$ cat upload_10.cif   # mmCIF, C-alpha atoms
data_target
#
loop_
_atom_site.label_atom_id
_atom_site.label_comp_id
_atom_site.auth_asym_id
_atom_site.auth_seq_id
_atom_site.Cartn_x
_atom_site.Cartn_y
_atom_site.Cartn_z
CA MET C 1 77.46 119.09 166.63
CA VAL C 2 79.24 119.50 169.95
CA ASP C 3 80.48 123.06 170.51
CA THR C 4 83.44 122.38 172.75
CA LEU C 5 84.55 126.01 172.93
CA ALA C 6 81.03 127.21 173.69
CA ASN C 7 80.62 124.65 176.47
CA GLU C 8 83.95 125.60 178.02
CA LEU C 9 83.13 129.31 177.90
CA LEU C 10 79.70 128.69 179.44
CA ALA C 11 81.45 127.46 182.57
CA VAL C 12 83.01 130.89 183.24
CA HIS C 13 80.60 133.29 181.53
CA ARG C 14 77.11 134.13 182.85
CA GLY C 15 75.64 135.60 179.67
CA PRO C 16 74.54 133.54 176.67
CA VAL C 17 77.22 131.76 174.65
CA ILE C 18 76.56 130.73 171.04
CA GLY C 19 78.71 128.27 169.12
CA PRO C 20 78.66 127.25 165.43
CA GLY C 21 76.37 124.31 166.19
CA ASP C 22 73.74 126.51 167.82
CA PRO C 23 70.69 127.30 165.65
CA ARG C 24 71.09 130.96 166.71
CA PHE C 25 74.62 131.18 165.36
CA ASP C 26 74.03 132.38 161.79
CA ASP C 27 71.68 135.12 162.91
CA ALA C 28 74.02 136.17 165.72
CA ARG C 29 77.02 136.48 163.40
CA ARG C 30 75.15 138.37 160.69
CA THR C 31 76.89 141.59 159.77
CA PHE C 32 75.48 144.91 158.64
CA ASN C 33 77.34 144.58 155.33
CA ALA C 34 76.34 141.59 153.20
CA LEU C 35 79.66 141.80 151.34
CA ILE C 36 81.25 140.32 154.46
CA ASP C 37 80.60 136.73 155.56
CA THR C 38 82.74 135.74 158.53
CA ARG C 39 82.48 133.06 161.19
CA PRO C 40 83.72 133.60 164.71
CA ALA C 41 84.84 130.60 166.73
CA VAL C 42 82.30 131.40 169.44
CA ILE C 43 79.99 134.29 170.38
CA ALA C 44 79.68 135.60 173.93
CA ARG C 45 76.93 137.96 175.07
CA PRO C 46 78.20 139.29 178.40
CA VAL C 47 75.91 140.74 181.03
CA ASP C 48 78.57 143.05 182.50
CA ALA C 49 82.26 143.95 182.50
CA ILE C 50 83.15 140.87 184.57
CA ASP C 51 81.71 138.67 181.83
CA VAL C 52 83.70 140.61 179.25
CA ALA C 53 86.88 140.00 181.25
CA ALA C 54 86.06 136.29 181.39
CA ALA C 55 85.60 136.14 177.63
CA ILE C 56 88.89 137.97 177.07
CA ALA C 57 90.75 135.59 179.41
CA PHE C 58 89.16 132.65 177.60
CA ALA C 59 90.31 133.97 174.22
CA THR C 60 93.82 134.70 175.46
CA GLY C 61 94.16 131.25 176.99
CA ARG C 62 93.36 129.64 173.66
CA GLY C 63 95.36 131.95 171.41
CA LEU C 64 92.27 133.48 169.81
CA ALA C 65 91.74 137.13 168.87
CA VAL C 66 88.74 139.12 170.07
CA SER C 67 86.19 140.99 167.97
CA VAL C 68 83.63 143.32 169.53
CA ARG C 69 80.06 144.06 168.48
CA GLY C 70 78.47 147.23 169.84
CA GLY C 71 75.58 148.33 167.63
CA GLY C 72 76.89 146.03 164.89
CA HIS C 73 76.90 148.59 162.07
CA SER C 74 80.58 148.35 161.18
CA VAL C 75 80.55 148.76 157.39
CA ALA C 76 83.98 147.12 157.32
CA GLY C 77 82.59 144.06 159.14
CA HIS C 78 84.85 144.44 162.17
CA SER C 79 82.07 143.46 164.58
CA VAL C 80 82.44 139.81 163.55
CA GLY C 81 86.01 138.55 163.36
CA GLU C 82 86.86 135.35 161.51
CA GLY C 83 87.86 132.66 164.03
CA SER C 84 87.59 135.07 166.95
CA VAL C 85 85.87 135.13 170.30
CA MET C 86 83.17 137.61 169.37
CA ILE C 87 82.06 139.72 172.33
CA ASP C 88 78.54 140.87 171.53
CA LEU C 89 77.48 143.73 173.82
CA ARG C 90 73.83 143.84 172.78
CA LEU C 91 72.68 143.03 176.34
CA GLN C 92 74.48 146.10 177.72
CA ARG C 93 72.24 148.92 176.49
CA ASP C 94 71.30 150.64 179.74
CA VAL C 95 71.30 154.45 179.77
CA HIS C 96 71.26 156.40 183.04
CA VAL C 97 70.72 160.16 182.89
CA ASP C 98 71.79 162.46 185.73
CA VAL C 99 69.81 165.58 184.92
CA SER C 100 71.37 167.82 187.58
CA ALA C 101 74.94 166.90 186.58
CA ARG C 102 74.09 166.81 182.86
CA ARG C 103 75.71 163.45 182.46
CA ALA C 104 74.64 160.19 180.82
CA ARG C 105 76.15 156.77 181.47
CA VAL C 106 75.68 154.59 178.40
CA GLY C 107 76.21 150.85 178.00
CA GLY C 108 78.68 149.67 175.38
CA GLY C 109 75.96 147.99 173.32
CA ALA C 110 73.58 150.96 173.22
CA CYS C 111 72.25 152.53 170.04
CA TRP C 112 71.45 156.20 169.57
CA ASN C 113 67.72 155.68 170.09
CA ASP C 114 68.55 154.32 173.55
CA VAL C 115 70.33 157.61 174.35
CA ASP C 116 68.16 160.17 172.60
CA ALA C 117 64.86 159.18 174.22
CA PRO C 118 65.79 159.55 177.93
CA THR C 119 68.03 162.58 177.38
CA GLN C 120 65.41 164.44 175.34
CA ALA C 121 62.78 163.58 177.92
CA ALA C 122 64.88 165.71 180.28
CA GLY C 123 65.35 168.52 177.72
CA LEU C 124 68.95 167.48 177.16
CA ALA C 125 70.94 165.95 174.29
CA MET C 126 74.41 164.95 173.26
CA PRO C 127 75.96 165.09 169.80
CA GLY C 128 75.34 161.73 168.20
CA GLY C 129 74.84 160.00 164.92
CA THR C 130 72.06 160.86 162.51
CA TYR C 131 70.69 157.28 162.30
CA GLY C 132 68.96 156.21 165.50
CA ASP C 133 69.63 152.48 165.14
CA THR C 134 73.42 152.77 164.87
CA GLY C 135 75.70 152.00 167.77
CA VAL C 136 77.08 154.56 170.20
CA ALA C 137 80.43 152.84 170.68
CA GLY C 138 81.71 152.73 167.12
CA LEU C 139 80.76 156.34 166.48
CA ALA C 140 82.06 157.69 169.78
CA LEU C 141 85.42 155.92 169.60
CA THR C 142 86.22 157.12 166.08
CA GLY C 143 84.59 160.55 165.74
CA GLY C 144 80.91 161.31 165.70
CA ILE C 145 79.61 163.84 163.16
CA GLY C 146 75.97 164.73 163.71
CA HIS C 147 73.32 167.43 163.85
CA LEU C 148 74.97 169.18 166.82
CA VAL C 149 78.57 169.12 165.56
CA GLY C 150 78.72 172.89 165.17
CA ALA C 151 77.22 173.71 168.53
CA TYR C 152 78.81 171.01 170.71
CA GLY C 153 81.48 169.24 168.67
CA LEU C 154 82.04 165.61 167.82
CA THR C 155 80.60 162.80 169.91
CA LEU C 156 84.07 162.00 171.24
CA ASP C 157 84.53 165.63 172.36
CA ASN C 158 81.73 165.01 174.86
CA LEU C 159 83.18 161.84 176.35
CA VAL C 160 83.90 162.42 180.05
CA SER C 161 85.03 158.95 181.11
CA ALA C 162 84.93 155.32 180.07
CA GLN C 163 84.99 151.89 181.66
CA VAL C 164 87.36 149.67 179.68
CA VAL C 165 88.17 145.97 179.91
CA THR C 166 91.77 145.60 178.76
CA ALA C 167 93.59 142.84 176.92
CA GLY C 168 94.86 141.71 180.32
CA GLY C 169 91.29 141.34 181.60
CA GLU C 170 91.55 144.33 183.94
CA VAL C 171 88.49 146.58 184.35
CA VAL C 172 89.73 150.18 184.41
CA ASN C 173 87.93 153.50 184.60
CA VAL C 174 89.66 156.20 182.59
CA ASP C 175 89.23 159.95 182.22
CA ALA C 176 91.38 163.02 181.71
CA ASP C 177 93.11 162.47 185.07
CA THR C 178 93.16 158.68 185.37
CA GLU C 179 95.13 156.94 182.62
CA PRO C 180 95.00 160.11 180.50
CA GLU C 181 96.97 158.64 177.61
CA LEU C 182 94.50 155.78 177.19
CA PHE C 183 91.64 158.27 177.48
CA TRP C 184 93.26 160.36 174.73
CA ALA C 185 93.58 157.31 172.47
CA LEU C 186 89.98 156.20 173.00
CA ARG C 187 88.78 159.51 171.59
CA GLY C 188 89.48 158.76 167.96
CA GLY C 189 91.54 155.56 167.97
CA GLY C 190 88.59 153.19 167.72
CA GLY C 191 88.36 149.78 169.37
CA ASN C 192 92.09 149.11 169.40
CA PHE C 193 92.72 149.37 173.14
CA GLY C 194 90.06 147.35 174.93
CA VAL C 195 86.33 146.74 175.23
CA VAL C 196 84.46 149.84 176.39
CA THR C 197 81.58 148.56 178.48
CA GLU C 198 80.33 151.96 179.63
CA PHE C 199 80.66 155.55 178.43
CA GLU C 200 80.01 158.71 180.41
CA PHE C 201 79.04 161.68 178.26
CA GLY C 202 78.40 165.32 178.99
CA LEU C 203 74.94 166.55 178.01
CA HIS C 204 73.69 169.91 176.77
CA GLU C 205 70.41 171.74 177.14
CA VAL C 206 68.69 171.44 173.76
CA PRO C 207 65.19 172.94 173.64
CA MET C 208 62.93 173.18 170.61
CA MET C 209 65.01 173.52 167.43
CA THR C 210 64.26 174.25 163.79
CA GLY C 211 64.92 171.64 161.17
CA GLY C 212 63.85 169.37 158.35
CA PHE C 213 64.79 168.79 154.72
CA VAL C 214 65.41 171.13 151.79
CA VAL C 215 65.35 169.16 148.53
CA HIS C 216 66.65 170.30 145.13
CA ALA C 217 66.45 168.74 141.68
CA LEU C 218 69.67 167.17 140.40
CA GLU C 219 70.08 169.88 137.76
CA ASP C 220 69.93 172.49 140.54
CA ALA C 221 72.29 170.59 142.83
CA PRO C 222 75.48 172.36 141.62
CA ALA C 223 74.05 175.78 142.48
CA ALA C 224 72.77 174.56 145.86
CA LEU C 225 76.10 172.91 146.70
CA ARG C 226 77.99 176.08 145.78
CA ALA C 227 75.70 178.02 148.10
CA PHE C 228 76.37 175.47 150.86
CA ARG C 229 80.11 175.78 150.26
CA GLU C 230 79.95 179.56 150.58
CA MET C 231 77.73 179.32 153.68
CA ARG C 232 80.38 177.13 155.33
CA THR C 233 82.72 180.15 155.43
CA ASP C 234 80.67 181.84 158.15
CA LEU C 235 78.37 179.02 159.21
CA PRO C 236 77.08 179.75 162.73
CA ASP C 237 77.67 177.12 165.39
CA ALA C 238 73.92 176.77 165.82
CA LEU C 239 73.36 175.60 162.22
CA THR C 240 74.42 172.28 160.73
CA LEU C 241 73.56 171.37 157.15
CA MET C 242 74.32 167.97 155.61
CA PRO C 243 73.74 167.79 151.85
CA GLN C 244 73.29 164.34 150.35
CA LEU C 245 73.18 163.53 146.66
CA GLY C 246 70.96 160.53 146.04
CA ASP C 247 67.38 159.29 145.92
CA ILE C 248 64.79 162.03 146.56
CA SER C 249 61.72 160.14 145.32
CA ASP C 250 60.10 160.20 148.78
CA TYR C 251 59.98 163.99 148.65
CA ALA C 252 59.61 164.96 145.00
CA ASP C 253 58.59 163.67 141.60
CA ALA C 254 62.18 162.87 140.69
CA ALA C 255 64.50 159.92 141.13
CA LYS C 256 67.71 161.71 142.10
CA GLY C 257 68.62 165.07 143.50
CA LEU C 258 70.08 166.84 146.51
CA LEU C 259 68.56 166.38 149.95
CA THR C 260 69.94 168.70 152.64
CA SER C 261 69.13 168.04 156.28
CA ILE C 262 68.83 171.15 158.45
CA ALA C 263 69.39 171.34 162.21
CA TYR C 264 69.29 174.79 163.81
CA LEU C 265 69.39 175.75 167.48
CA GLY C 266 67.08 178.71 167.09
CA THR C 267 63.69 179.91 165.90
CA PRO C 268 62.21 179.41 162.42
CA ALA C 269 62.63 183.13 161.71
CA GLN C 270 66.33 182.94 162.59
CA ALA C 271 66.67 179.79 160.48
CA ASP C 272 65.03 181.51 157.51
CA ALA C 273 67.68 184.21 157.57
CA ALA C 274 70.49 181.67 157.93
CA LEU C 275 69.18 179.51 155.06
CA ALA C 276 68.44 182.31 152.61
CA ARG C 277 71.46 181.60 150.38
CA LEU C 278 70.59 177.92 150.06
CA ARG C 279 66.98 178.59 149.14
CA GLU C 280 67.82 181.45 146.76
CA ALA C 281 70.44 179.43 144.88
CA ALA C 282 67.66 177.38 143.28
CA THR C 283 63.99 176.83 144.05
CA PRO C 284 63.58 173.74 146.27
CA LEU C 285 61.28 170.94 145.19
CA PHE C 286 60.46 170.28 148.85
CA ASP C 287 61.04 172.25 152.04
CA ASN C 288 59.56 171.26 155.40
CA VAL C 289 61.94 173.16 157.68
CA GLY C 290 60.09 174.17 160.82
CA PRO C 291 59.93 173.74 164.61
CA ALA C 292 61.24 170.36 165.73
CA PHE C 293 62.68 168.72 168.79
CA TYR C 294 66.16 167.21 168.52
CA SER C 295 64.77 163.69 168.82
CA GLN C 296 62.51 164.42 165.83
CA LEU C 297 65.49 165.59 163.79
CA GLN C 298 67.28 162.40 164.78
CA ALA C 299 64.43 160.49 163.12
CA LEU C 300 64.72 162.30 159.77
CA PHE C 301 66.70 159.46 158.23
CA PRO C 302 65.23 155.93 158.15
CA TYR C 303 66.93 153.00 159.83
CA MET C 304 69.81 151.35 157.99
CA PRO C 305 68.90 147.68 157.47
CA PHE C 306 71.29 144.80 157.92
CA GLY C 307 71.85 142.51 154.95
CA LEU C 308 72.42 144.96 152.09
CA ARG C 309 75.72 145.16 150.22
CA ASN C 310 77.70 148.28 151.16
CA TYR C 311 80.90 149.87 149.96
CA TRP C 312 81.57 153.19 151.69
CA THR C 313 84.58 155.39 151.30
CA GLY C 314 85.49 159.08 151.23
CA ARG C 315 87.91 161.78 152.25
CA PHE C 316 88.15 164.89 154.38
CA VAL C 317 88.70 167.94 152.16
CA GLU C 318 89.49 171.56 152.91
CA ASP C 319 87.54 172.89 149.95
CA MET C 320 85.05 171.83 147.28
CA PRO C 321 86.29 173.41 144.05
CA GLU C 322 83.97 173.97 141.10
CA ASP C 323 85.11 170.93 139.19
CA LEU C 324 84.64 168.64 142.19
CA ILE C 325 81.05 169.78 142.66
CA ASP C 326 80.33 169.26 138.97
CA PHE C 327 81.96 165.82 139.06
CA LEU C 328 79.99 164.62 142.09
CA VAL C 329 76.65 165.74 140.63
CA ASP C 330 77.41 164.18 137.25
CA HIS C 331 78.65 161.01 138.96
CA MET C 332 75.16 160.50 140.40
CA ARG C 333 73.88 160.16 136.84
CA HIS C 334 76.05 157.05 136.43
CA VAL C 335 74.70 155.06 139.40
CA HIS C 336 73.47 151.59 138.41
CA PRO C 337 69.64 151.68 138.33
CA ASP C 338 69.45 148.84 140.88
CA ALA C 339 71.72 150.59 143.40
CA ASN C 340 70.85 153.25 145.97
CA ASN C 341 74.13 155.15 146.08
CA VAL C 342 74.62 158.49 147.83
CA VAL C 343 77.29 161.12 148.32
CA LEU C 344 77.08 162.54 151.83
CA ILE C 345 78.76 165.87 152.61
CA GLU C 346 79.23 166.77 156.27
CA PRO C 347 80.67 170.09 157.47
CA ILE C 348 83.34 170.13 160.17
CA HIS C 349 82.70 173.49 161.81
CA GLY C 350 82.05 175.42 164.99
CA ALA C 351 82.87 173.70 168.27
CA ALA C 352 84.45 170.71 166.47
CA THR C 353 87.16 172.98 165.05
CA ARG C 354 88.04 174.65 168.35
CA VAL C 355 89.61 171.57 169.95
CA GLY C 356 93.39 171.39 169.72
CA PRO C 357 94.73 169.16 166.92
CA MET C 358 96.38 166.77 169.43
CA ASP C 359 93.87 167.10 172.28
CA THR C 360 92.19 163.95 170.96
CA ALA C 361 93.23 161.33 168.43
CA PHE C 362 90.76 162.67 165.84
CA ALA C 363 92.99 164.26 163.23
CA TYR C 364 90.96 166.25 160.72
CA ARG C 365 89.46 169.19 162.59
CA HIS C 366 91.03 171.54 160.06
CA ALA C 367 89.05 169.93 157.23
CA ARG C 368 86.00 171.88 156.16
CA PHE C 369 84.04 168.95 154.73
CA ASN C 370 83.82 165.17 154.96
CA VAL C 371 82.77 163.91 151.53
CA SER C 372 81.64 160.27 151.52
CA PRO C 373 80.53 158.29 148.45
CA MET C 374 78.44 155.35 149.69
CA ALA C 375 77.39 152.51 147.41
CA ILE C 376 74.40 150.47 148.66
CA TRP C 377 72.79 147.61 146.71
CA SER C 378 71.48 144.05 147.00
CA ASP C 379 72.26 142.18 143.76
CA PRO C 380 75.73 140.51 143.72
CA ALA C 381 75.68 140.71 139.92
CA ILE C 382 76.36 144.46 140.07
CA ASP C 383 79.16 144.32 142.67
CA GLU C 384 81.90 145.34 140.27
CA ASP C 385 79.94 148.21 138.76
CA THR C 386 78.78 149.61 142.08
CA ILE C 387 82.06 149.28 143.97
CA GLY C 388 83.78 150.84 140.96
CA TRP C 389 81.44 153.84 141.20
CA ALA C 390 82.41 154.44 144.83
CA LYS C 391 86.12 153.98 144.17
CA ALA C 392 86.04 156.41 141.24
CA ALA C 393 84.54 159.09 143.47
CA ARG C 394 87.11 158.36 146.17
CA ASP C 395 89.94 158.62 143.66
CA ARG C 396 88.61 161.98 142.51
CA LEU C 397 88.74 163.22 146.13
CA GLN C 398 92.18 161.80 146.85
CA PRO C 399 94.30 164.68 145.47
CA LEU C 400 92.38 167.11 147.69
CA SER C 401 92.89 165.18 150.93
CA LYS C 402 95.37 163.52 153.24
CA GLY C 403 92.96 161.13 154.92
CA GLY C 404 89.48 159.72 155.38
CA TYR C 405 86.90 159.06 158.10
CA LEU C 406 87.33 155.51 159.36
CA ASN C 407 83.72 155.19 160.51
CA TYR C 408 82.76 155.22 156.82
CA ALA C 409 85.65 153.14 155.49
CA THR C 410 84.93 149.72 154.03
CA ASP C 411 88.53 149.36 152.91
CA ASP C 412 91.23 149.79 155.55
CA ALA C 413 94.67 149.20 154.13
CA ALA C 414 97.52 150.12 156.47
CA ASP C 415 98.17 153.40 154.68
CA THR C 416 94.47 154.29 154.92
CA VAL C 417 94.54 153.85 158.69
CA GLU C 418 97.76 155.78 159.21
CA GLY C 419 96.50 158.52 156.92
CA ALA C 420 93.37 158.90 159.04
CA PHE C 421 95.50 160.07 161.96
CA GLY C 422 98.64 161.68 160.57
CA ALA C 423 102.19 160.66 161.50
CA GLU C 424 102.38 162.28 164.96
CA ALA C 425 99.07 160.98 166.27
CA PHE C 426 99.61 157.55 164.72
CA ALA C 427 102.99 157.15 166.45
CA ARG C 428 101.41 158.15 169.75
CA LEU C 429 98.53 155.72 169.22
CA ARG C 430 100.98 152.90 168.51
CA ALA C 431 102.72 153.64 171.81
CA VAL C 432 99.39 153.44 173.67
CA LYS C 433 98.61 150.20 171.87
CA ARG C 434 101.95 148.74 172.96
CA THR C 435 101.12 149.59 176.58
CA TRP C 436 97.59 148.22 176.66
CA ASP C 437 97.48 145.55 173.93
CA PRO C 438 101.03 144.52 173.01
CA GLY C 439 99.87 141.25 171.49
CA ASN C 440 97.26 142.97 169.28
CA LEU C 441 94.43 140.90 170.77
CA PHE C 442 92.02 143.55 169.52
CA ARG C 443 92.88 143.48 165.83
CA PHE C 444 89.45 143.23 164.24
CA ASN C 445 89.18 146.98 163.75
CA HIS C 446 90.89 149.70 161.74
CA ASN C 447 94.01 148.29 163.25
CA ILE C 448 96.78 150.24 164.90
CA PRO C 449 99.72 147.86 165.35
CA PRO C 450 101.70 148.09 168.59
CA ALA C 451 104.87 150.15 168.33
#
$ encode --input "upload_10.cif" --output "structure tokens"
Amino acid sequence: MVDTLANELLAVHRGPVIGPGDPRFDDARRTFNALIDTRPAVIARPVDAIDVAAAIAFATGRGLAVSVRGGGHSVAGHSVGEGSVMIDLRLQRDVHVDVSARRARVGGGACWNDVDAPTQAAGLAMPGGTYGDTGVAGLALTGGIGHLVGAYGLTLDNLVSAQVVTAGGEVVNVDADTEPELFWALRGGGGNFGVVTEFEFGLHEVPMMTGGFVVHALEDAPAALRAFREMRTDLPDALTLMPQLGDISDYADAAKGLLTSIAYLGTPAQADAALARLREAATPLFDNVGPAFYSQLQALFPYMPFGLRNYWTGRFVEDMPEDLIDFLVDHMRHVHPDANNVVLIEPIHGAATRVGPMDTAFAYRHARFNVSPMAIWSDPAIDEDTIGWAKAARDRLQPLSKGGYLNYATDDAADTVEGAFGAEAFARLRAVKRTWDPGNLFRFNHNIPPA
């Protein structure tokens, strides 16, 4: 098979180019979520921003849209756009740490492991995701809730500048002073405005911490979740807890229960005092909280493999009433035995709440919790049952919320996207989109249409 598009792109692009006739094509287009099977017209793996600009010009000249793969973990499958020129940034994973300035420059294709290792080697860290193999770009452009959210905010709150290749093929460097409106939109608006080929983040001194897992039986989960809810009222910035209903068989002689990750910027003795309510609510089945470096806490959760079927959803909520807690715990009892579903609960607290509501495009700083039902399975025969489980949990959350977290959204209807920002921010984002991508070249994302 002759790949005409691939051959034409090879003439202007220095990095590898992969067409449908290439034996590498199926592997290169593989998405994180096996529910999604899409075929780009051609795949470009640029070596730098100039290559990215060449790929964009190539797509524009042929009337094709552009999709962008950073770490590739888009649960909605946006990394691989049907019939698109897919720009795959996996060759751009360099991380440069300036210890004296407390800055890190991070390639657009980097994953969190690429960042955590060199920053922790210098005694520094930045708020990132809790799974080391996920991409920096997707998380940073849409939010970024992690173990340091209380102390240092969302990932996007720590973005200092970005290098962006625009729909017009221009390479621009943006920050709070240079193209400030585009910089505002990048911090929460996702990949709607261009291809970010390099991020600059501020770093923080993060010495030895205290952390690990506290695990409760499913029958004790309501009491533990109520304790967590009450702790959120005066949760110190230094402490971030993330309860997760799901499989606990690696830590206890039980199939399902409540696993709460602990990350505390302080000593074990201080952590013991801060965690007393959680431990006293019900006796844990497992508790390994102790001294740990940030990079060790980042490795608490295993890697998330490509090729499983995923349906994630959820909503930001301002409270977790009694009946919601009881529903979520009981809902875990109705998971199909061949699925590995979870309900993740992340607090929005501390530094993340002290940023003005319109200082970035991230809308839900006033929410106290992000509650995310996540269905994960492999057998297509249970698709309907398992997706239905996730949707039922989402529908139960809906009356308590005005929007959800797009990083965890498999479904992205227009009202879902607008609801994730609110009317004022969404209108402003549409104006930025009109300026930088009036033709909606970058539409394989949680799309913000040009005004």
$ closest_atom_pairs --input "upload_10.cif" --of "segment 232-268 of chain C" --to "segment 204-216 of chain C" --cutoff "10 Å" --atoms "all atoms listed in the file" --output "JSON lines"
{"residue": "C:Ala238", "atom": "CA", "partner": "C:Met209", "partner_atom": "CA", "distance": 9.6}
{"residue": "C:Leu239", "atom": "CA", "partner": "C:Thr210", "partner_atom": "CA", "distance": 9.3}
{"residue": "C:Thr240", "atom": "CA", "partner": "C:Gly211", "partner_atom": "CA", "distance": 9.5}
{"residue": "C:Leu241", "atom": "CA", "partner": "C:Phe213", "partner_atom": "CA", "distance": 9.5}
{"residue": "C:Met242", "atom": "CA", "partner": "C:Phe213", "partner_atom": "CA", "distance": 9.6}
{"residue": "C:Pro243", "atom": "CA", "partner": "C:Val214", "partner_atom": "CA", "distance": 9.0}
{"residue": "C:Gln244", "atom": "CA", "partner": "C:Val215", "partner_atom": "CA", "distance": 9.5}
{"residue": "C:Leu245", "atom": "CA", "partner": "C:His216", "partner_atom": "CA", "distance": 9.5}
{"residue": "C:Ile248", "atom": "CA", "partner": "C:Val215", "partner_atom": "CA", "distance": 7.4}
{"residue": "C:Tyr251", "atom": "CA", "partner": "C:Val215", "partner_atom": "CA", "distance": 7.5}
{"residue": "C:Ala252", "atom": "CA", "partner": "C:Val215", "partner_atom": "CA", "distance": 7.9}
{"residue": "C:Ala254", "atom": "CA", "partner": "C:His216", "partner_atom": "CA", "distance": 9.7}
{"residue": "C:Lys256", "atom": "CA", "partner": "C:His216", "partner_atom": "CA", "distance": 9.2}
{"residue": "C:Gly257", "atom": "CA", "partner": "C:His216", "partner_atom": "CA", "distance": 5.8}
{"residue": "C:Leu258", "atom": "CA", "partner": "C:His216", "partner_atom": "CA", "distance": 5.1}
{"residue": "C:Leu259", "atom": "CA", "partner": "C:Val215", "partner_atom": "CA", "distance": 4.5}
{"residue": "C:Thr260", "atom": "CA", "partner": "C:Val214", "partner_atom": "CA", "distance": 5.2}
{"residue": "C:Ser261", "atom": "CA", "partner": "C:Phe213", "partner_atom": "CA", "distance": 4.7}
{"residue": "C:Ile262", "atom": "CA", "partner": "C:Gly211", "partner_atom": "CA", "distance": 4.8}
{"residue": "C:Ala263", "atom": "CA", "partner": "C:Gly211", "partner_atom": "CA", "distance": 4.6}
{"residue": "C:Tyr264", "atom": "CA", "partner": "C:Thr210", "partner_atom": "CA", "distance": 5.1}
{"residue": "C:Leu265", "atom": "CA", "partner": "C:Met209", "partner_atom": "CA", "distance": 4.9}
{"residue": "C:Gly266", "atom": "CA", "partner": "C:Met209", "partner_atom": "CA", "distance": 5.6}
{"residue": "C:Thr267", "atom": "CA", "partner": "C:Thr210", "partner_atom": "CA", "distance": 6.1}
{"residue": "C:Pro268", "atom": "CA", "partner": "C:Thr210", "partner_atom": "CA", "distance": 5.7}
$ residues_near_point --input "upload_10.cif" --point "(75.0, 162.9, 136.0)" --cutoff "12 Å" --atoms "all atoms listed in the file" --output "PDB file with C-alpha atoms, keeping the file's coordinate frame"
ATOM      1  CA  ALA C 217      66.450 168.740 141.680  1.00  0.00           C
ATOM      2  CA  LEU C 218      69.670 167.170 140.400  1.00  0.00           C
ATOM      3  CA  GLU C 219      70.080 169.880 137.760  1.00  0.00           C
ATOM      4  CA  ASP C 220      69.930 172.490 140.540  1.00  0.00           C
ATOM      5  CA  ALA C 221      72.290 170.590 142.830  1.00  0.00           C
ATOM      6  CA  PRO C 222      75.480 172.360 141.620  1.00  0.00           C
ATOM      7  CA  LEU C 245      73.180 163.530 146.660  1.00  0.00           C
ATOM      8  CA  GLY C 246      70.960 160.530 146.040  1.00  0.00           C
ATOM      9  CA  LYS C 256      67.710 161.710 142.100  1.00  0.00           C
ATOM     10  CA  GLY C 257      68.620 165.070 143.500  1.00  0.00           C
ATOM     11  CA  ILE C 325      81.050 169.780 142.660  1.00  0.00           C
ATOM     12  CA  ASP C 326      80.330 169.260 138.970  1.00  0.00           C
ATOM     13  CA  PHE C 327      81.960 165.820 139.060  1.00  0.00           C
ATOM     14  CA  LEU C 328      79.990 164.620 142.090  1.00  0.00           C
ATOM     15  CA  VAL C 329      76.650 165.740 140.630  1.00  0.00           C
ATOM     16  CA  ASP C 330      77.410 164.180 137.250  1.00  0.00           C
ATOM     17  CA  HIS C 331      78.650 161.010 138.960  1.00  0.00           C
ATOM     18  CA  MET C 332      75.160 160.500 140.400  1.00  0.00           C
ATOM     19  CA  ARG C 333      73.880 160.160 136.840  1.00  0.00           C
ATOM     20  CA  HIS C 334      76.050 157.050 136.430  1.00  0.00           C
ATOM     21  CA  VAL C 335      74.700 155.060 139.400  1.00  0.00           C
ATOM     22  CA  HIS C 336      73.470 151.590 138.410  1.00  0.00           C
TER      23      HIS C 336
END
$ closest_residue --input "upload_10.cif" --among "C:Ile345, C:Ala351, C:Leu285, C:Ile448" --to "Val149 of chain C" --atoms "all atoms listed in the file"
C:Ala351
$ residues_around --input "upload_10.cif" --residues "Asp22 of chain C" --least-positions-apart "2" --cutoff "12 Å" --atoms "only C-alpha atoms" --output "VMD selection string"
chain C and resid 1 to 7 16 to 20 24 to 29 41 to 43
$ closest_residue --input "upload_10.cif" --among "C:Met126, C:Ala423, C:Ala381, C:Ile387" --to "Asp411 of chain C" --atoms "all atoms listed in the file"
C:Ile387
$ closest_residue --input "upload_10.cif" --among "C:Asp157, C:Asp177, C:Asp48, C:Asp88" --to "Ser67 of chain C" --atoms "only C-alpha atoms"
C:Asp88
$ build_atoms --input "upload_10.cif" --residues "segment 35-39 of chain C" --atoms "N, CA and C atoms" --output "tab-separated table (two decimals), in the frame of the given file"
chain	number	residue	atom	x	y	z
C	35	LEU	N	78.43	142.16	152.04
C	35	LEU	CA	79.66	141.80	151.34
C	35	LEU	C	80.58	140.94	152.20
C	36	ILE	N	80.34	140.96	153.50
C	36	ILE	CA	81.25	140.32	154.46
C	36	ILE	C	80.56	139.13	155.10
C	37	ASP	N	81.16	137.96	155.00
C	37	ASP	CA	80.60	136.73	155.56
C	37	ASP	C	81.68	136.03	156.37
C	38	THR	N	81.70	136.29	157.67
C	38	THR	CA	82.74	135.74	158.53
C	38	THR	C	82.13	134.91	159.65
C	39	ARG	N	82.95	133.99	160.17
C	39	ARG	CA	82.48	133.06	161.19
C	39	ARG	C	83.41	133.12	162.40
